[in-house]
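Below is my_file.cif, which holds mmCIF, C-alpha atoms.
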data_final
loop_
_atom_site.label_atom_id
_atom_site.label_comp_id
_atom_site.auth_asym_id
_atom_site.auth_seq_id
_atom_site.Cartn_x
_atom_site.Cartn_y
_atom_site.Cartn_z
CA MET A 1 -11.14 69.58 184.61
CA THR A 2 -12.01 66.02 185.63
CA ARG A 3 -14.54 63.65 184.12
CA ILE A 4 -16.68 60.69 185.13
CA TYR A 5 -14.75 57.42 184.85
CA ARG A 6 -16.95 54.36 184.24
CA ILE A 7 -15.87 50.81 185.09
CA LEU A 8 -17.63 47.64 183.94
CA SER A 9 -16.59 44.74 186.17
CA LEU A 10 -17.05 41.14 184.98
CA ASP A 11 -16.94 38.26 187.47
CA GLY A 12 -15.46 34.88 186.58
CA GLY A 13 -17.04 31.44 186.61
CA PRO A 14 -20.22 30.14 184.96
CA SER A 15 -21.98 33.42 185.80
CA THR A 16 -20.49 34.88 182.60
CA ILE A 17 -23.03 32.92 180.57
CA GLY A 18 -25.88 34.70 182.37
CA TYR A 19 -24.74 38.27 182.85
CA LEU A 20 -23.59 38.73 179.24
CA ARG A 21 -27.21 38.22 178.25
CA LEU A 22 -28.38 40.75 180.83
CA LEU A 23 -25.87 43.27 179.47
CA ARG A 24 -27.30 42.65 176.01
CA VAL A 25 -30.78 43.51 177.31
CA ILE A 26 -29.36 46.73 178.77
CA GLU A 27 -27.69 47.64 175.47
CA GLU A 28 -30.96 47.02 173.63
CA ARG A 29 -32.82 49.33 176.01
CA ARG A 30 -30.04 51.90 176.38
CA PRO A 31 -27.95 51.94 173.18
CA GLY A 32 -24.48 53.28 173.83
CA PHE A 33 -24.25 51.77 177.31
CA LEU A 34 -21.21 49.62 176.48
CA ASP A 35 -19.41 52.42 174.65
CA LYS A 36 -19.61 54.53 177.81
CA ALA A 37 -17.45 52.04 179.73
CA ASP A 38 -13.93 53.45 180.13
CA LEU A 39 -12.44 50.34 181.71
CA LEU A 40 -13.34 46.67 181.47
CA THR A 41 -12.02 44.66 184.40
CA GLY A 42 -12.38 40.89 184.57
CA SER A 43 -11.23 37.74 186.32
CA SER A 44 -11.06 34.24 184.83
CA ASP A 45 -14.04 33.81 182.44
CA GLY A 46 -14.84 37.48 182.98
CA ALA A 47 -11.32 38.37 181.83
CA TRP A 48 -11.83 36.33 178.66
CA ALA A 49 -15.02 38.28 177.95
CA ALA A 50 -13.40 41.64 178.77
CA LEU A 51 -10.48 40.97 176.44
CA PHE A 52 -12.82 39.86 173.66
CA LEU A 53 -14.95 43.01 173.95
CA ALA A 54 -11.77 45.11 173.94
CA SER A 55 -10.59 43.41 170.76
CA ARG A 56 -13.68 44.34 168.70
CA PRO A 57 -12.83 46.69 165.80
CA PRO A 58 -13.63 50.38 166.17
CA GLY A 59 -17.11 51.13 164.94
CA THR A 60 -18.58 47.87 166.21
CA SER A 61 -21.85 48.72 167.93
CA GLY A 62 -22.30 47.73 171.55
CA LEU A 63 -25.10 45.33 170.63
CA ASP A 64 -23.00 43.63 167.95
CA ALA A 65 -20.06 43.40 170.35
CA LEU A 66 -22.19 41.76 173.04
CA ASN A 67 -23.80 39.35 170.57
CA GLN A 68 -20.35 38.39 169.34
CA CYS A 69 -19.13 38.01 172.93
CA ILE A 70 -22.03 35.70 173.79
CA ALA A 71 -21.20 33.57 170.74
CA PHE A 72 -17.53 33.61 171.76
CA ASN A 73 -18.43 32.58 175.31
CA GLU A 74 -20.55 29.67 174.06
CA HIS A 75 -17.84 28.56 171.65
CA ILE A 76 -15.17 28.53 174.34
CA ALA A 77 -17.51 26.77 176.76
CA ASN A 78 -18.07 24.02 174.21
CA SER A 79 -14.34 23.82 173.51
CA LEU A 80 -13.66 23.14 177.19
CA ARG A 81 -15.75 19.98 177.21
CA LEU A 82 -13.72 17.26 178.87
CA GLY A 83 -14.65 14.26 176.73
CA PRO A 84 -13.32 10.75 177.48
CA VAL A 85 -9.65 11.78 177.33
CA GLY A 86 -10.20 14.77 179.59
CA ALA A 87 -12.17 12.66 182.06
CA LEU A 88 -9.32 10.16 182.22
CA ARG A 89 -6.82 12.97 182.72
CA LEU A 90 -8.98 14.35 185.54
CA LEU A 91 -9.38 10.97 187.22
CA SER A 92 -5.67 10.26 186.98
CA GLY A 93 -4.97 13.20 189.28
CA VAL A 94 -1.55 13.60 187.67
CA VAL A 95 -2.17 16.14 184.91
CA SER A 96 -4.76 18.85 184.32
CA ALA A 97 -8.05 17.77 182.79
CA ILE A 98 -7.66 20.11 179.81
CA ASP A 99 -4.71 20.49 177.45
CA ASN A 100 -4.22 24.09 176.34
CA HIS A 101 -2.70 23.52 172.91
CA ALA A 102 -5.91 23.69 170.86
CA LEU A 103 -7.27 26.48 173.06
CA VAL A 104 -4.21 28.65 172.39
CA ARG A 105 -4.84 28.44 168.64
CA GLU A 106 -8.55 29.15 169.01
CA LEU A 107 -8.13 32.16 171.28
CA SER A 108 -5.42 33.70 169.10
CA GLU A 109 -7.86 33.55 166.18
CA LEU A 110 -11.00 34.62 168.05
CA TYR A 111 -9.38 37.69 169.59
CA GLY A 112 -8.36 38.78 166.11
CA ASN A 113 -5.38 40.73 164.82
CA SER A 114 -4.14 44.28 165.14
CA SER A 115 -3.47 46.58 162.19
CA ASP A 116 -0.10 44.92 161.53
CA GLY A 117 -1.76 41.52 161.06
CA GLN A 118 -0.34 40.08 164.28
CA PRO A 119 -2.49 38.75 167.16
CA HIS A 120 -3.74 41.53 169.42
CA THR A 121 -1.49 42.45 172.31
CA MET A 122 -2.64 44.35 175.38
CA GLY A 123 -1.20 47.47 173.77
CA THR A 124 -3.20 47.13 170.53
CA LEU A 125 -6.61 46.47 172.11
CA HIS A 126 -9.23 49.12 171.44
CA ARG A 127 -10.38 49.46 175.06
CA ASP A 128 -8.74 49.74 178.45
CA VAL A 129 -8.65 46.41 180.28
CA CYS A 130 -7.49 45.25 183.71
CA VAL A 131 -7.23 41.48 184.24
CA VAL A 132 -6.68 39.64 187.52
CA THR A 133 -4.19 36.75 187.73
CA TYR A 134 -2.16 34.93 190.38
CA ASN A 135 1.55 34.51 189.73
CA LEU A 136 3.43 31.58 191.22
CA HIS A 137 6.90 32.99 190.63
CA LEU A 138 7.49 36.65 189.98
CA GLN A 139 10.96 38.10 190.26
CA PRO A 140 12.01 40.25 192.01
CA VAL A 141 8.62 40.40 193.77
CA LYS A 142 7.24 37.52 195.82
CA PRO A 143 4.55 35.28 194.27
CA GLY A 144 1.06 36.67 194.53
CA VAL A 145 -1.72 38.59 192.85
CA ARG A 146 -0.94 40.43 189.64
CA PHE A 147 -3.07 42.85 187.62
CA ILE A 148 -2.27 42.74 183.90
CA HIS A 149 -3.55 45.88 182.20
CA ASN A 150 -2.98 48.30 179.33
CA LEU A 151 -3.45 51.58 181.21
CA ALA A 152 0.25 52.34 180.79
CA ARG A 153 -0.43 53.32 177.18
CA HIS A 154 -1.90 56.55 178.61
CA GLY A 155 1.16 57.38 180.72
CA LYS A 156 2.72 56.49 184.05
CA ALA A 157 0.83 55.62 187.21
CA ASP A 158 0.48 58.18 189.99
CA VAL A 159 1.78 55.53 192.42
CA PRO A 160 5.20 54.45 191.05
CA GLU A 161 5.25 50.95 192.56
CA MET A 162 1.99 50.13 190.76
CA ASP A 163 3.58 50.94 187.41
CA GLN A 164 6.46 48.49 187.63
CA PHE A 165 4.90 46.09 185.13
CA GLY A 166 2.80 48.55 183.16
CA LYS A 167 4.79 48.88 179.95
CA PRO A 168 5.83 45.20 179.59
CA ASP A 169 2.14 44.33 179.89
CA LEU A 170 1.46 46.14 176.62
CA LEU A 171 3.50 43.55 174.71
CA LEU A 172 1.64 40.49 176.03
CA PRO A 173 -0.69 38.75 173.53
CA ALA A 174 -4.34 39.08 174.57
CA TYR A 175 -4.91 35.33 174.25
CA ASP A 176 -1.95 34.66 176.56
CA VAL A 177 -3.34 37.05 179.19
CA ALA A 178 -6.72 35.28 178.96
CA LEU A 179 -5.08 31.92 179.58
CA ARG A 180 -3.15 33.35 182.53
CA SER A 181 -6.32 34.62 184.17
CA GLY A 182 -8.33 31.45 183.44
CA ALA A 183 -5.86 28.74 184.47
CA PHE A 184 -8.03 27.14 187.15
CA PRO A 185 -5.95 24.49 188.99
CA ILE A 186 -6.74 20.83 188.28
CA LEU A 187 -8.89 21.74 185.26
CA MET A 188 -6.35 23.86 183.36
CA PRO A 189 -2.55 23.91 183.29
CA ALA A 190 -0.76 26.95 184.67
CA ARG A 191 0.14 29.44 181.94
CA GLN A 192 3.65 30.89 182.13
CA GLY A 193 3.54 30.40 185.90
CA TYR A 194 0.15 32.10 186.29
CA LEU A 195 -3.06 30.70 187.81
CA ASP A 196 -6.73 31.67 187.72
CA GLY A 197 -7.53 35.18 188.92
CA GLY A 198 -10.43 33.76 190.91
CA LEU A 199 -7.92 32.46 193.45
CA PHE A 200 -7.59 36.06 194.58
CA ALA A 201 -10.74 37.82 193.35
CA ASN A 202 -13.43 36.15 191.30
CA ASN A 203 -15.18 39.51 191.64
CA PRO A 204 -12.57 41.95 190.24
CA ALA A 205 -14.40 45.18 191.13
CA MET A 206 -11.88 46.43 193.69
CA CYS A 207 -8.96 45.37 191.48
CA GLY A 208 -10.16 47.49 188.58
CA LEU A 209 -11.05 50.39 190.85
CA THR A 210 -7.67 50.55 192.58
CA GLN A 211 -5.76 50.20 189.32
CA ALA A 212 -7.77 52.99 187.71
CA LEU A 213 -7.13 55.23 190.71
CA ALA A 214 -3.40 54.68 190.33
CA TYR A 215 -3.65 56.12 186.79
CA ARG A 216 -6.26 58.77 187.54
CA GLU A 217 -4.15 61.72 186.40
CA THR A 218 -3.31 60.25 183.00
CA LEU A 219 -6.88 58.97 182.63
CA GLY A 220 -8.26 62.43 183.27
CA PHE A 221 -10.34 62.06 186.43
CA GLY A 222 -9.81 63.38 189.92
CA ASP A 223 -10.53 60.84 192.62
CA LEU A 224 -12.94 58.21 193.89
CA ARG A 225 -15.87 60.63 193.66
CA ASP A 226 -15.51 60.62 189.86
CA CYS A 227 -15.75 56.81 189.58
CA VAL A 228 -18.90 54.91 188.59
CA MET A 229 -19.08 51.12 188.49
CA LEU A 230 -21.45 48.43 187.25
CA SER A 231 -20.42 45.07 188.71
CA THR A 232 -21.78 41.86 187.15
CA GLY A 233 -21.80 38.25 188.31
CA ALA A 234 -24.10 35.77 190.04
CA ASP A 235 -24.59 35.77 193.80
CA ASP A 236 -25.68 32.74 195.78
CA GLY A 237 -27.78 33.78 198.76
CA HIS A 238 -28.60 30.19 199.76
CA VAL A 239 -25.22 28.85 200.85
CA GLY A 240 -26.23 29.01 204.52
CA SER A 241 -29.53 27.24 203.97
CA ARG A 242 -27.78 24.43 202.09
CA ILE A 243 -25.36 24.03 204.97
CA LEU A 244 -28.29 23.90 207.43
CA ASP A 245 -29.94 21.22 205.31
CA TRP A 246 -26.97 18.96 206.01
CA THR A 247 -26.59 19.67 209.73
CA VAL A 248 -27.82 17.40 212.49
CA LYS A 249 -30.62 19.10 214.42
CA LYS A 250 -29.35 22.42 213.08
CA ASN A 251 -26.07 22.07 214.99
CA LEU A 252 -23.99 25.03 213.80
CA ASP A 253 -20.68 23.93 215.31
CA LEU A 254 -20.15 21.94 212.06
CA PRO A 255 -17.49 19.39 213.04
CA TRP A 256 -17.14 18.36 209.40
CA GLY A 257 -14.41 16.66 207.43
CA TRP A 258 -13.94 16.81 203.67
CA ALA A 259 -16.92 14.60 202.76
CA PRO A 260 -19.84 16.85 203.78
CA TRP A 261 -18.01 19.98 202.63
CA LEU A 262 -17.35 18.56 199.17
CA LEU A 263 -19.66 15.62 198.42
CA VAL A 264 -23.20 16.57 199.49
CA PRO A 265 -25.25 15.31 196.50
CA TRP A 266 -27.57 18.31 196.24
CA ALA A 267 -24.78 20.85 196.81
CA PRO A 268 -21.45 19.37 195.63
CA LEU A 269 -18.27 21.32 196.36
CA MET A 270 -20.18 23.31 199.00
CA LEU A 271 -16.94 24.63 200.48
CA LEU A 272 -15.92 26.11 197.13
CA ASN A 273 -19.41 27.55 196.77
CA ALA A 274 -19.17 29.22 200.19
CA ILE A 275 -15.73 30.66 199.43
CA MET A 276 -16.73 32.04 196.03
CA SER A 277 -20.00 33.50 197.28
CA ALA A 278 -18.48 35.08 200.38
CA SER A 279 -15.57 36.66 198.52
CA GLY A 280 -17.73 37.95 195.66
CA ARG A 281 -20.35 39.50 197.88
CA GLY A 282 -17.70 40.84 200.22
CA VAL A 283 -15.96 42.69 197.40
CA ALA A 284 -19.31 44.09 196.25
CA PHE A 285 -19.95 45.35 199.79
CA GLN A 286 -16.55 47.08 199.89
CA ALA A 287 -17.07 48.72 196.49
CA HIS A 288 -20.54 49.89 197.49
CA GLN A 289 -19.21 51.39 200.73
CA LEU A 290 -16.65 53.38 198.73
CA LEU A 291 -18.81 54.44 195.79
CA ARG A 292 -22.28 54.49 197.39
CA GLU A 293 -24.93 55.40 194.80
CA ARG A 294 -22.30 55.33 192.06
CA PHE A 295 -22.07 51.52 192.39
CA LEU A 296 -24.56 48.91 191.16
CA ARG A 297 -24.25 45.15 191.50
CA LEU A 298 -26.09 43.21 188.78
CA ALA A 299 -25.78 39.62 189.98
CA PRO A 300 -28.97 37.55 190.00
CA PRO A 301 -29.01 34.34 192.07
CA MET A 302 -27.43 31.29 190.48
CA SER A 303 -29.88 28.68 189.22
CA ALA A 304 -27.87 26.01 191.06
CA PRO A 305 -24.99 25.90 193.57
CA PHE A 306 -21.61 26.88 192.10
CA GLY A 307 -20.23 23.37 192.50
CA ARG A 308 -23.16 21.82 190.65
CA GLU A 309 -22.85 24.43 187.89
CA MET A 310 -19.17 23.56 187.51
CA LEU A 311 -19.90 19.83 187.38
CA ARG A 312 -22.62 20.37 184.78
CA PHE A 313 -20.23 22.52 182.81
CA MET A 314 -17.50 19.88 182.85
CA ALA A 315 -20.00 17.13 182.02
CA GLY A 316 -20.94 18.88 178.79
CA GLN A 317 -24.41 20.10 179.83
CA ARG A 318 -23.71 23.50 178.34
CA ARG A 319 -26.76 23.70 176.12
CA ARG A 320 -28.91 23.52 179.23
CA LEU A 321 -26.91 26.35 180.83
CA PHE A 322 -27.35 28.51 177.72
CA VAL A 323 -31.11 27.89 177.59
CA GLU A 324 -31.51 28.71 181.30
CA ALA A 325 -29.53 31.93 180.84
CA ASP A 326 -31.71 32.93 177.87
CA THR A 327 -34.83 32.30 179.97
CA VAL A 328 -33.56 34.38 182.89
CA ALA A 329 -32.67 37.26 180.55
CA ALA A 330 -36.05 37.10 178.80
CA ASN A 331 -37.92 37.12 182.11
CA TRP A 332 -35.77 39.97 183.40
CA ALA A 333 -36.49 41.98 180.25
CA ALA A 334 -40.22 41.29 180.54
CA GLY A 335 -40.35 42.18 184.23
CA THR A 336 -41.43 38.66 185.22
CA ALA A 337 -38.16 37.49 186.77
CA ASP A 338 -38.03 35.65 190.08
CA ALA A 339 -38.51 37.89 193.12
CA GLU A 340 -34.91 37.21 194.16
CA THR A 341 -33.55 38.58 190.89
CA ARG A 342 -32.46 42.03 191.93
CA PRO A 343 -32.05 44.67 190.76
CA THR A 344 -34.97 44.68 188.35
CA LEU A 345 -34.48 45.93 184.81
CA LYS A 346 -36.42 49.09 185.62
CA SER A 347 -34.25 49.98 188.61
CA THR A 348 -31.15 49.14 186.59
CA LEU A 349 -32.21 51.45 183.78
CA ASP A 350 -33.07 54.18 186.27
CA TRP A 351 -29.57 53.88 187.73
CA LEU A 352 -28.02 54.01 184.28
CA ASP A 353 -30.01 57.10 183.35
CA THR A 354 -29.11 59.01 186.50
CA VAL A 355 -25.55 57.77 187.15
CA TRP A 356 -23.95 55.92 184.21
CA PHE A 357 -25.10 58.35 181.50
CA ALA A 358 -24.73 61.44 183.69
#

File written out as structure tokens:
Amino acid sequence: MTRIYRILSLDGGPSTIGYLRLLRVIEERRPGFLDKADLLTGSSDGAWAALFLASRPPGTSGLDALNQCIAFNEHIANSLRLGPVGALRLLSGVVSAIDNHALVRELSELYGNSSDGQPHTMGTLHRDVCVVTYNLHLQPVKPGVRFIHNLARHGKADVPEMDQFGKPDLLLPAYDVALRSGAFPILMPARQGYLDGGLFANNPAMCGLTQALAYRETLGFGDLRDCVMLSTGADDGHVGSRILDWTVKKNLDLPWGWAPWLLVPWAPLMLLNAIMSASGRGVAFQAHQLLRERFLRLAPPMSAPFGREMLRFMAGQRRRLFVEADTVAANWAAGTADAETRPTLKSTLDWLDTVWFA
């Protein structure tokens, strides 16, 4: 007999600050929501959050886990402040802006220890996790995307080639996996030859879904029809309008060089913004086509373009980001959110009641 398999997908980037607070609202209104999640899949900052939630001791309530995760997210965000030394490193263009040494110590402590007193490994985490990374040099396979997960603790994959790294993954420290998935080039150094998972999929929904399907027999569900997914992030529906604002007489041939794509004052790094938005929304479309009513995307519009959010983040304006995220969550909970913030809390709870808790 098969069962419903629930996946909670966590996007990377600054959106983590916002959607963790929305998930807390959900847990307050529907206690037990987080505990129902069978798999947490994340990329970059979303991977850090997924690994943290998976490291919480058994018996931790969903609300406590999310509150702790929000505090963890804020702490890490503050730790990544560039400062004068980081700014000089960034401007030099020779080394990454951030040195990982202090971050390694902090993450190893914040993720906690297993029963033997050692830092959590993927195999000792209390939840199933699938993390997206990009490997620069992987023998005997060519460089490329890599999913690091702990599903192999349940048994072998149904598709043998997808299980080639399953068991070694169980021995990797959780903090090391987080650094592998969050090693954004220029800002962070590569970790053991791995780069940020966002290079392949900042929205990891399809990554988690395909990996779960490979282990469906050992996980106890039948096929795609048994899968349910809540995907979280922040979608930018205004990339096109920002591009039009910079065009000459609305000329859409866009014969641009690097300056307009990267240095428009009101939408810096517009090219990166377009890439991130297109890939994230494209993955959500694919997942929705496969799962239909069993898929929900909870990704309210970003308060500012992705590039501006990143620059504010690096400049140390994190308190402002936290306050804005608290305001969005409060308005969403009160039913007074901006008209573009969809789905509403009511429709989200209705979906949870009829699909997630079914």

task = May I ask for the distance between CA of Val328 in chain A and CA of Ala50 in chain A, given in Å to one decimal place?
result = 21.8 Å

message = Considering all atoms listed in the file, can you say which of A:Ile98, A:Ile4, A:Ala333, A:Leu291 comes closest to Gly83 in chain A?
response = A:Ile98

request  = Would you kindly identify which residues have an atom no farther than 6 Å from (-11.4, 64.2, 187.3), using all atoms listed in the file and the file's own coordinates, and write them out as number ranges by chain?
outcome  = A: 2-3, 220-222

message = Here is a test: counting only C-alpha atoms, which residue of A:Ala152, A:Ala337, A:Cys130, A:Leu80 is nearest to Pro204 in chain A?
response =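 Once distances to Pro204 in chain A are computed over only C-alpha atoms, the minimum belongs to A:Cys130.
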
message = To one decimal place in Å, what is the distance between CA of Leu269 in chain A and CA of Ala102 in chain A?
response =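 Straight-line distance from CA of Leu269 in chain A to CA of Ala102 in chain A works out to 28.4 Å.
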
request  = Determine the residue membership of the PyMOL selection byres ((chain A and resi 51) around 9) for the file above and supply it as number ranges by chain.
outcome  = A: 40-42, 46-50, 52-55, 111, 122, 125, 127, 129-131, 174-175, 177-178

message = Using only C-alpha atoms, which protein or nucleic acid residues come within 9 Å of Leu171 in chain A? Drop anything in the same chain fewer than 5 positions from it, and give the result as a ChimeraX atom specification.
response = /A:121-124

task = Rank nothing, just name the residue among A:Ser115, A:Thr348, A:Ser92, A:Thr232 nearest to Leu20 in chain A, using only C-alpha atoms.
result =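 Closest to Leu20 in chain A of all the choices is A:Thr232.
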
As a JSON list (two decimals) with C-alpha atoms, keeping the file's coordinate frame, please: the residues near Tyr194 in chain A (cut-off 6 Å, all atoms listed in the file, same-chain neighbours under 4 positions excluded).
[["chain", "number", "residue", "atom", "x", "y", "z"],
["A", 134, "TYR", "CA", -2.16, 34.93, 190.38],
["A", 135, "ASN", "CA", 1.55, 34.51, 189.73],
["A", 136, "LEU", "CA", 3.43, 31.58, 191.22],
["A", 180, "ARG", "CA", -3.15, 33.35, 182.53],
["A", 190, "ALA", "CA", -0.76, 26.95, 184.67]]

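What the PyMOL selection byres ((chain A and resi 218) around 12) matches in the given file is A:Thr2, A:Arg3, A:Tyr5, A:Leu151, A:Ala152, A:Arg153, A:His154, A:Gly155, A:Lys156, A:Ala157, A:Asp158, A:Val159, A:Ala212, A:Leu213, A:Ala214, A:Tyr215, A:Arg216, A:Glu217, A:Leu219, A:Gly220, A:Phe221, A:Gly222.
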
task = Would you work out the distance separating CA of Glu109 in chain A from CA of Ile17 in chain A, expressed in Å to one decimal?
result =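 CA of Ile17 in chain A lies at a distance of 20.9 Å from CA of Glu109 in chain A.
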
ask   = Counting all atoms listed in the file, what is within 7 Å of Asp38 in chain A, bar same-chain residues fewer than 6 positions away, as a PyMOL selection string?
value = chain A and resi 5-7+128
